[in-house]
Amino acid sequence: MTHVVIIGAYGSAGAAVAGELVDEEGIELTLIDDGDPGGGLCILRGCMPSKEVLSAGAHRFQARHDERLVGDVPDIDLEAVVERKDDHVLEWAGYRRESIHEMAEREDVTFVHDTATFVDDHTVRAGGEEYEADYVVIATGSSLNVPDTPGIDEVDFMSSADVLDATELPDSGIVMGFGYIGMEMVPYLAEAGDMELTVVEHDDRPIDEADPAFGDAALDIYEDNWDVTIPTNCHEKALEATEDGGVRLTVEYDDGSEEAFEAEQLFLFTGRRPTVEGLGLENASVSAEGDWARDTMQTRDADHVYAVGDVNGKEPILHVAKEQGFTAAENILRQEAGATPQAYENVHHHVIFSGLGVYPFARVGHNEQTAKEAGYDVVTATRQASDDGVFKSKDVPEGLGKLVVDADDGTVLGWQGMHYHADSFAKTFQIVVELGLDVRDLPDRAYHPTLPENVDGLIRDCVAELES
């Protein structure tokens with residue numbers, strides 16, 4: 001029997017590995033997780049509960065912005081929001097745990113509810129027992145990255161997990177971290193708590209993966225619709241507590257000037273780091289520094305040790321974590337068969353639930369810059385949401401879409417959207433991009449009046465450019 005130990009079996013990546021291997025003959029599985037209740041970051045404190053609370057903010061935002069509605073704008077009952085979120089989270093997490101426990105009912109599968117530690121290259125200790133493994137898969141996820149800003153230890157802060165559980169919010173806040181977590185949490189705080197926020201942006205604009213027009217649109221949407229100030233091109237220099245129990249942040253701009261901001265509460269949305277503490281990786285001669293996992297999902301220091309999902313630091317996205325888990329399982333089987341492990345590859349497919357999910361950003365495939373960097377000559381088309389009357393009729397006129405096409409053969413290389421229902425549009429473009437379709441073969445006749453008429457305009461503009 002080939003023995004595979006999976007550390008972090010309740011998470012999306014670990015569960016994917018287990019699900020792929022559990023029916024394979026000759027494979028013995030030991031599934032280890034210390035989660036309480038357990039279920040993985042996405043279910044417990046990430047993707048799913050955040051959408052739950054964002055939806056409450058979105059309903060209020062849209063009611064507040066529709067002048068056809070009269071009467072007082074309703075308040076958000078934060079206790080009710082958190083109660084419903086918790087009920088759903090426990091339900092979703094229960095399904096995940098049940099799936100792992102059902103696997104453990106099989107003869108060659110063992111589940112251990114405990115923390116795992118490497119004893120040596122092939123031995124893992126958990127639950128008072130030692131397990132000799134042919135392969136070990138690390139799927140322990142990620143934790144909040146706390147920056148080393150001077151004074152950080154002297155002030156209290158709230159993380160995204162704290163916000164998801166908050167039943168009351170202060171009147172003002174300073175936000176460090178304006179990536180995908182900050183893009184989601186900032187408008188929720190402003191809408192649900194009627195908060196005044198200062199949000200630090202290191203660059204000219206947010207959303208590094210997007211062409212500049214999308215980051216500029218995000219700045220406009222946030223500052224126009226909420227009580228949000230976003231100083232750009234600056235970095236955090238120092239934090240300190242104020243006499244009244246609040247926080248003061250001093251930032252330094254790229255030109256060397258400084259400015260101080262004060263608020264009641266500091267919020268840290270400063271990204272994630274691999275959760276490897278206590279694993280004893282040094283006992284297995286494995287280092288988690290830098291790019292520590294190869295594209296085959298094997299660690300650089302040990303061919304038999306795999307790292308999948310957030311813990312490898314590559315791309316902290318749930319569907320990517322699952323696919324990495326599938327790749328790891330397939331490569332373990334390849335190794336056992338004497339074949340060469342294969343690299344995981346995917347088409348860029350991201351969604352940020354910006355603007356409370358009313359104005360989400362989505363990107364599939366290349367943007368204009370990455371396409372040119374990859375050596376393509378491109379034609380592009382950009383269309384504002386307000387160019388199509390249907391967005392105005394639905395009272396969501398802000399945002400834009402952009403299509404990137406190979407100028408030589410018409411292949412659709414990528415699409416970006418920041419507008420109402422852009423998250424749903426992304427699936428269509430996943431099909432188009434992954435199948436390598438020619439823009440001239442795409443129908444440009446969406447049902448009228450529907451939002452994809454924006455796509456019709458992008459298609460027509462690119463085709464006209466190709467044929468000019």
# chains A, B, ... in the order shown; residues from 1 in each chain; ligands from 1
call {"tool": "residues_around", "arguments": {"residues": "stretch 273-282 of chain A", "least_positions_apart": "6", "cutoff": "8 Å", "atoms": "only C-alpha atoms", "output": "list in words"}}
result
Ala116, Thr117, Phe118, Val119, Thr140, Gly141, Ser142, Ser143, Leu144, Asn145, Ala288, Asp310, Val311, Asn312 and Gly313 of chain A
call {"tool": "write_last_selection", "arguments": {"atoms": "N, CA and C atoms", "output": "PDB file, in the first residue's frame"}}
result
ATOM      1  N   ALA A 116      -0.880  18.273  13.309  1.00  0.00           N
ATOM      2  CA  ALA A 116       0.157  17.378  12.788  1.00  0.00           C
ATOM      3  C   ALA A 116       1.522  18.048  12.836  1.00  0.00           C
ATOM      4  N   THR A 117       2.548  17.232  13.095  1.00  0.00           N
ATOM      5  CA  THR A 117       3.928  17.718  13.127  1.00  0.00           C
ATOM      6  C   THR A 117       4.834  16.676  12.486  1.00  0.00           C
ATOM      7  N   PHE A 118       5.739  17.141  11.613  1.00  0.00           N
ATOM      8  CA  PHE A 118       6.735  16.240  11.058  1.00  0.00           C
ATOM      9  C   PHE A 118       7.722  15.810  12.140  1.00  0.00           C
ATOM     10  N   VAL A 119       8.009  14.528  12.154  1.00  0.00           N
ATOM     11  CA  VAL A 119       9.047  13.983  13.023  1.00  0.00           C
ATOM     12  C   VAL A 119      10.350  13.862  12.243  1.00  0.00           C
ATOM     13  N   THR A 140      -2.631  23.415   4.734  1.00  0.00           N
ATOM     14  CA  THR A 140      -2.992  24.062   5.990  1.00  0.00           C
ATOM     15  C   THR A 140      -3.455  25.503   5.829  1.00  0.00           C
ATOM     16  N   GLY A 141      -3.596  25.972   4.589  1.00  0.00           N
ATOM     17  CA  GLY A 141      -4.210  27.267   4.367  1.00  0.00           C
ATOM     18  C   GLY A 141      -3.323  28.449   4.705  1.00  0.00           C
ATOM     19  N   SER A 142      -3.972  29.558   5.036  1.00  0.00           N
ATOM     20  CA  SER A 142      -3.250  30.804   5.267  1.00  0.00           C
ATOM     21  C   SER A 142      -3.796  31.518   6.491  1.00  0.00           C
ATOM     22  N   SER A 143      -3.012  32.486   6.970  1.00  0.00           N
ATOM     23  CA  SER A 143      -3.377  33.290   8.135  1.00  0.00           C
ATOM     24  C   SER A 143      -3.180  34.762   7.803  1.00  0.00           C
ATOM     25  N   LEU A 144      -3.742  35.602   8.635  1.00  0.00           N
ATOM     26  CA  LEU A 144      -3.589  37.044   8.434  1.00  0.00           C
ATOM     27  C   LEU A 144      -2.121  37.440   8.445  1.00  0.00           C
ATOM     28  N   ASN A 145      -1.733  38.221   7.455  1.00  0.00           N
ATOM     29  CA  ASN A 145      -0.386  38.780   7.406  1.00  0.00           C
ATOM     30  C   ASN A 145      -0.387  40.109   8.162  1.00  0.00           C
ATOM     31  N   ALA A 288       9.709  26.744   3.964  1.00  0.00           N
ATOM     32  CA  ALA A 288       8.541  27.402   3.387  1.00  0.00           C
ATOM     33  C   ALA A 288       8.847  28.839   2.980  1.00  0.00           C
ATOM     34  N   ASP A 310      -3.813  27.709  -0.398  1.00  0.00           N
ATOM     35  CA  ASP A 310      -3.245  28.970   0.088  1.00  0.00           C
ATOM     36  C   ASP A 310      -1.854  28.801   0.680  1.00  0.00           C
ATOM     37  N   VAL A 311      -1.569  27.646   1.262  1.00  0.00           N
ATOM     38  CA  VAL A 311      -0.307  27.478   1.979  1.00  0.00           C
ATOM     39  C   VAL A 311       0.907  27.602   1.069  1.00  0.00           C
ATOM     40  N   ASN A 312       0.746  27.360  -0.241  1.00  0.00           N
ATOM     41  CA  ASN A 312       1.911  27.486  -1.124  1.00  0.00           C
ATOM     42  C   ASN A 312       2.127  28.912  -1.609  1.00  0.00           C
ATOM     43  N   GLY A 313       1.206  29.817  -1.294  1.00  0.00           N
ATOM     44  CA  GLY A 313       1.395  31.221  -1.600  1.00  0.00           C
ATOM     45  C   GLY A 313       1.283  31.599  -3.056  1.00  0.00           C
TER      46      GLY A 313
END
call {"tool": "select_by_dssp", "arguments": {"residues": "stretch 69-164 of chain A", "states": "helix (DSSP H, G or I)", "output": "PyMOL selection string"}}
result
chain A and resi 78-103+152-154+160-164
call {"tool": "closest_atom_pairs", "arguments": {"of": "stretch 214-327 of chain A", "to": "stretch 192-209 of chain A", "cutoff": "6 Å", "atoms": "only C-alpha atoms", "output": "Markdown table"}}
result
| residue | atom | partner | partner_atom | distance |
| --- | --- | --- | --- | --- |
| A:Gly215 | CA | A:Pro206 | CA | 5.0 |
| A:Asp227 | CA | A:Glu196 | CA | 5.1 |
| A:Val228 | CA | A:Leu197 | CA | 4.9 |
| A:Thr229 | CA | A:Thr198 | CA | 4.8 |
| A:Ile230 | CA | A:Val199 | CA | 4.8 |
| A:Pro231 | CA | A:Val200 | CA | 5.7 |
| A:Thr232 | CA | A:Glu201 | CA | 4.7 |
| A:Asn233 | CA | A:Asp203 | CA | 4.5 |
| A:Cys234 | CA | A:His202 | CA | 5.0 |
| A:His235 | CA | A:His202 | CA | 5.7 |
call {"tool": "write_last_selection", "arguments": {"atoms": "all heavy atoms", "output": "PDB file, in the first residue's frame"}}
result
ATOM      1  N   GLY A 215      -9.007  50.392 -12.124  1.00  0.00           N
ATOM      2  CA  GLY A 215      -8.646  50.926 -10.818  1.00  0.00           C
ATOM      3  C   GLY A 215      -9.132  52.349 -10.641  1.00  0.00           C
ATOM      4  O   GLY A 215      -9.585  52.743  -9.558  1.00  0.00           O
ATOM      5  N   ASP A 227     -18.398  57.424   2.384  1.00  0.00           N
ATOM      6  CA  ASP A 227     -17.571  58.421   3.072  1.00  0.00           C
ATOM      7  C   ASP A 227     -16.161  57.853   3.218  1.00  0.00           C
ATOM      8  O   ASP A 227     -15.716  57.496   4.312  1.00  0.00           O
ATOM      9  CB  ASP A 227     -18.187  58.746   4.432  1.00  0.00           C
ATOM     10  CG  ASP A 227     -17.561  59.985   5.069  1.00  0.00           C
ATOM     11  OD1 ASP A 227     -16.633  60.556   4.459  1.00  0.00           O
ATOM     12  OD2 ASP A 227     -17.998  60.358   6.163  1.00  0.00           O
ATOM     13  N   VAL A 228     -15.478  57.745   2.086  1.00  0.00           N
ATOM     14  CA  VAL A 228     -14.180  57.086   2.011  1.00  0.00           C
ATOM     15  C   VAL A 228     -13.166  58.039   1.392  1.00  0.00           C
ATOM     16  O   VAL A 228     -13.407  58.616   0.329  1.00  0.00           O
ATOM     17  CB  VAL A 228     -14.269  55.800   1.164  1.00  0.00           C
ATOM     18  CG1 VAL A 228     -12.891  55.180   0.961  1.00  0.00           C
ATOM     19  CG2 VAL A 228     -15.196  54.784   1.830  1.00  0.00           C
ATOM     20  N   THR A 229     -12.028  58.190   2.063  1.00  0.00           N
ATOM     21  CA  THR A 229     -10.897  58.944   1.534  1.00  0.00           C
ATOM     22  C   THR A 229      -9.769  57.973   1.234  1.00  0.00           C
ATOM     23  O   THR A 229      -9.423  57.141   2.088  1.00  0.00           O
ATOM     24  CB  THR A 229     -10.416  59.995   2.550  1.00  0.00           C
ATOM     25  OG1 THR A 229     -11.482  60.902   2.834  1.00  0.00           O
ATOM     26  CG2 THR A 229      -9.215  60.779   2.012  1.00  0.00           C
ATOM     27  N   ILE A 230      -9.199  58.047   0.038  1.00  0.00           N
ATOM     28  CA  ILE A 230      -8.177  57.087  -0.373  1.00  0.00           C
ATOM     29  C   ILE A 230      -6.912  57.833  -0.798  1.00  0.00           C
ATOM     30  O   ILE A 230      -6.773  58.217  -1.965  1.00  0.00           O
ATOM     31  CB  ILE A 230      -8.678  56.186  -1.522  1.00  0.00           C
ATOM     32  CG1 ILE A 230     -10.013  55.536  -1.155  1.00  0.00           C
ATOM     33  CG2 ILE A 230      -7.629  55.108  -1.851  1.00  0.00           C
ATOM     34  CD1 ILE A 230     -10.657  54.748  -2.286  1.00  0.00           C
ATOM     35  N   PRO A 231      -5.996  58.100   0.141  1.00  0.00           N
ATOM     36  CA  PRO A 231      -4.720  58.682  -0.263  1.00  0.00           C
ATOM     37  C   PRO A 231      -3.914  57.650  -1.054  1.00  0.00           C
ATOM     38  O   PRO A 231      -3.818  56.488  -0.663  1.00  0.00           O
ATOM     39  CB  PRO A 231      -4.040  59.016   1.069  1.00  0.00           C
ATOM     40  CG  PRO A 231      -4.675  58.095   2.066  1.00  0.00           C
ATOM     41  CD  PRO A 231      -6.079  57.880   1.591  1.00  0.00           C
ATOM     42  N   THR A 232      -3.373  58.051  -2.194  1.00  0.00           N
ATOM     43  CA  THR A 232      -2.647  57.138  -3.079  1.00  0.00           C
ATOM     44  C   THR A 232      -1.151  57.449  -3.076  1.00  0.00           C
ATOM     45  O   THR A 232      -0.715  58.507  -2.619  1.00  0.00           O
ATOM     46  CB  THR A 232      -3.184  57.225  -4.517  1.00  0.00           C
ATOM     47  OG1 THR A 232      -3.037  58.568  -4.991  1.00  0.00           O
ATOM     48  CG2 THR A 232      -4.657  56.837  -4.571  1.00  0.00           C
ATOM     49  N   ASN A 233      -0.381  56.493  -3.589  1.00  0.00           N
ATOM     50  CA  ASN A 233       1.074  56.640  -3.698  1.00  0.00           C
ATOM     51  C   ASN A 233       1.710  56.961  -2.344  1.00  0.00           C
ATOM     52  O   ASN A 233       2.532  57.860  -2.218  1.00  0.00           O
ATOM     53  CB  ASN A 233       1.438  57.717  -4.724  1.00  0.00           C
ATOM     54  CG  ASN A 233       0.989  57.343  -6.117  1.00  0.00           C
ATOM     55  OD1 ASN A 233       1.424  56.336  -6.672  1.00  0.00           O
ATOM     56  ND2 ASN A 233       0.095  58.149  -6.683  1.00  0.00           N
ATOM     57  N   CYS A 234       1.314  56.224  -1.332  1.00  0.00           N
ATOM     58  CA  CYS A 234       1.866  56.425   0.003  1.00  0.00           C
ATOM     59  C   CYS A 234       1.997  55.086   0.710  1.00  0.00           C
ATOM     60  O   CYS A 234       1.358  54.094   0.337  1.00  0.00           O
ATOM     61  CB  CYS A 234       1.005  57.385   0.824  1.00  0.00           C
ATOM     62  SG  CYS A 234      -0.701  56.845   1.079  1.00  0.00           S
ATOM     63  N   HIS A 235       2.839  55.067   1.735  1.00  0.00           N
ATOM     64  CA  HIS A 235       3.073  53.855   2.512  1.00  0.00           C
ATOM     65  C   HIS A 235       2.983  54.178   4.008  1.00  0.00           C
ATOM     66  O   HIS A 235       3.293  55.295   4.445  1.00  0.00           O
ATOM     67  CB  HIS A 235       4.441  53.258   2.191  1.00  0.00           C
ATOM     68  CG  HIS A 235       4.488  52.586   0.856  1.00  0.00           C
ATOM     69  ND1 HIS A 235       4.545  53.291  -0.324  1.00  0.00           N
ATOM     70  CD2 HIS A 235       4.467  51.265   0.516  1.00  0.00           C
ATOM     71  CE1 HIS A 235       4.574  52.437  -1.343  1.00  0.00           C
ATOM     72  NE2 HIS A 235       4.521  51.211  -0.863  1.00  0.00           N
TER      73      HIS A 235
END
call {"tool": "closest_residue", "arguments": {"among": "A:Ile317, A:Leu21, A:Met418, A:Val308", "to": "A:Ala362", "atoms": "only C-alpha atoms"}}
result
A:Met418
call {"tool": "residues_around", "arguments": {"residues": "stretch 406-408 of chain A", "least_positions_apart": "6", "cutoff": "9 Å", "atoms": "only C-alpha atoms", "output": "tab-separated table (two decimals) with C-alpha atoms, in the first residue's frame"}}
result
chain	number	residue	atom	x	y	z
A	371	ALA	CA	-1.02	40.24	-23.53
A	376	TYR	CA	0.85	39.47	-28.75
A	377	ASP	CA	-0.17	42.28	-31.05
A	378	VAL	CA	-3.64	43.17	-29.84
A	379	VAL	CA	-6.78	45.02	-30.66
A	380	THR	CA	-8.97	46.13	-27.79
A	438	ASP	CA	-12.22	33.77	-32.63
A	465	GLU	CA	-10.94	46.92	-35.79
A	466	LEU	CA	-9.75	43.57	-37.16
call {"tool": "closest_residue", "arguments": {"among": "A:Met185, A:Val247, A:Ala328, A:Ile352", "to": "A:Thr296", "atoms": "only C-alpha atoms"}}
result
A:Ala328
call {"tool": "decode", "arguments": {"residues": "stretch 128-140 of chain A", "atoms": "N, CA, C and O atoms", "output": "PDB file, in the first residue's frame"}}
result
ATOM      1  N   GLY A 128      -1.233  11.563  19.122  1.00  0.00           N
ATOM      2  CA  GLY A 128      -0.448  10.643  19.926  1.00  0.00           C
ATOM      3  C   GLY A 128       0.130   9.467  19.163  1.00  0.00           C
ATOM      4  O   GLY A 128       0.758   8.582  19.762  1.00  0.00           O
ATOM      5  N   GLU A 129      -0.050   9.447  17.844  1.00  0.00           N
ATOM      6  CA  GLU A 129       0.473   8.366  17.014  1.00  0.00           C
ATOM      7  C   GLU A 129       1.455   8.924  15.979  1.00  0.00           C
ATOM      8  O   GLU A 129       1.428  10.113  15.649  1.00  0.00           O
ATOM      9  N   GLU A 130       2.314   8.049  15.472  1.00  0.00           N
ATOM     10  CA  GLU A 130       3.217   8.414  14.393  1.00  0.00           C
ATOM     11  C   GLU A 130       2.838   7.645  13.140  1.00  0.00           C
ATOM     12  O   GLU A 130       2.546   6.441  13.204  1.00  0.00           O
ATOM     13  N   TYR A 131       2.828   8.350  12.016  1.00  0.00           N
ATOM     14  CA  TYR A 131       2.393   7.771  10.743  1.00  0.00           C
ATOM     15  C   TYR A 131       3.530   7.863   9.733  1.00  0.00           C
ATOM     16  O   TYR A 131       4.017   8.948   9.430  1.00  0.00           O
ATOM     17  N   GLU A 132       3.957   6.690   9.247  1.00  0.00           N
ATOM     18  CA  GLU A 132       4.991   6.624   8.220  1.00  0.00           C
ATOM     19  C   GLU A 132       4.325   6.837   6.861  1.00  0.00           C
ATOM     20  O   GLU A 132       3.433   6.069   6.473  1.00  0.00           O
ATOM     21  N   ALA A 133       4.755   7.858   6.146  1.00  0.00           N
ATOM     22  CA  ALA A 133       4.084   8.226   4.902  1.00  0.00           C
ATOM     23  C   ALA A 133       5.020   8.103   3.707  1.00  0.00           C
ATOM     24  O   ALA A 133       6.209   8.440   3.795  1.00  0.00           O
ATOM     25  N   ASP A 134       4.477   7.631   2.602  1.00  0.00           N
ATOM     26  CA  ASP A 134       5.217   7.688   1.341  1.00  0.00           C
ATOM     27  C   ASP A 134       5.148   9.095   0.754  1.00  0.00           C
ATOM     28  O   ASP A 134       6.106   9.575   0.143  1.00  0.00           O
ATOM     29  N   TYR A 135       3.987   9.740   0.952  1.00  0.00           N
ATOM     30  CA  TYR A 135       3.784  11.110   0.481  1.00  0.00           C
ATOM     31  C   TYR A 135       3.040  11.887   1.566  1.00  0.00           C
ATOM     32  O   TYR A 135       2.181  11.331   2.254  1.00  0.00           O
ATOM     33  N   VAL A 136       3.389  13.159   1.682  1.00  0.00           N
ATOM     34  CA  VAL A 136       2.676  14.043   2.601  1.00  0.00           C
ATOM     35  C   VAL A 136       2.192  15.248   1.807  1.00  0.00           C
ATOM     36  O   VAL A 136       2.958  15.860   1.059  1.00  0.00           O
ATOM     37  N   VAL A 137       0.916  15.567   1.983  1.00  0.00           N
ATOM     38  CA  VAL A 137       0.329  16.750   1.330  1.00  0.00           C
ATOM     39  C   VAL A 137       0.008  17.769   2.416  1.00  0.00           C
ATOM     40  O   VAL A 137      -0.741  17.483   3.351  1.00  0.00           O
ATOM     41  N   ILE A 138       0.591  18.948   2.287  1.00  0.00           N
ATOM     42  CA  ILE A 138       0.347  20.039   3.229  1.00  0.00           C
ATOM     43  C   ILE A 138      -0.717  20.952   2.627  1.00  0.00           C
ATOM     44  O   ILE A 138      -0.533  21.513   1.541  1.00  0.00           O
ATOM     45  N   ALA A 139      -1.834  21.095   3.342  1.00  0.00           N
ATOM     46  CA  ALA A 139      -2.952  21.920   2.857  1.00  0.00           C
ATOM     47  C   ALA A 139      -3.516  22.725   4.023  1.00  0.00           C
ATOM     48  O   ALA A 139      -4.726  22.727   4.268  1.00  0.00           O
ATOM     49  N   THR A 140      -2.631  23.415   4.734  1.00  0.00           N
ATOM     50  CA  THR A 140      -2.992  24.062   5.990  1.00  0.00           C
ATOM     51  C   THR A 140      -3.455  25.503   5.829  1.00  0.00           C
ATOM     52  O   THR A 140      -3.684  26.199   6.819  1.00  0.00           O
TER      53      THR A 140
END
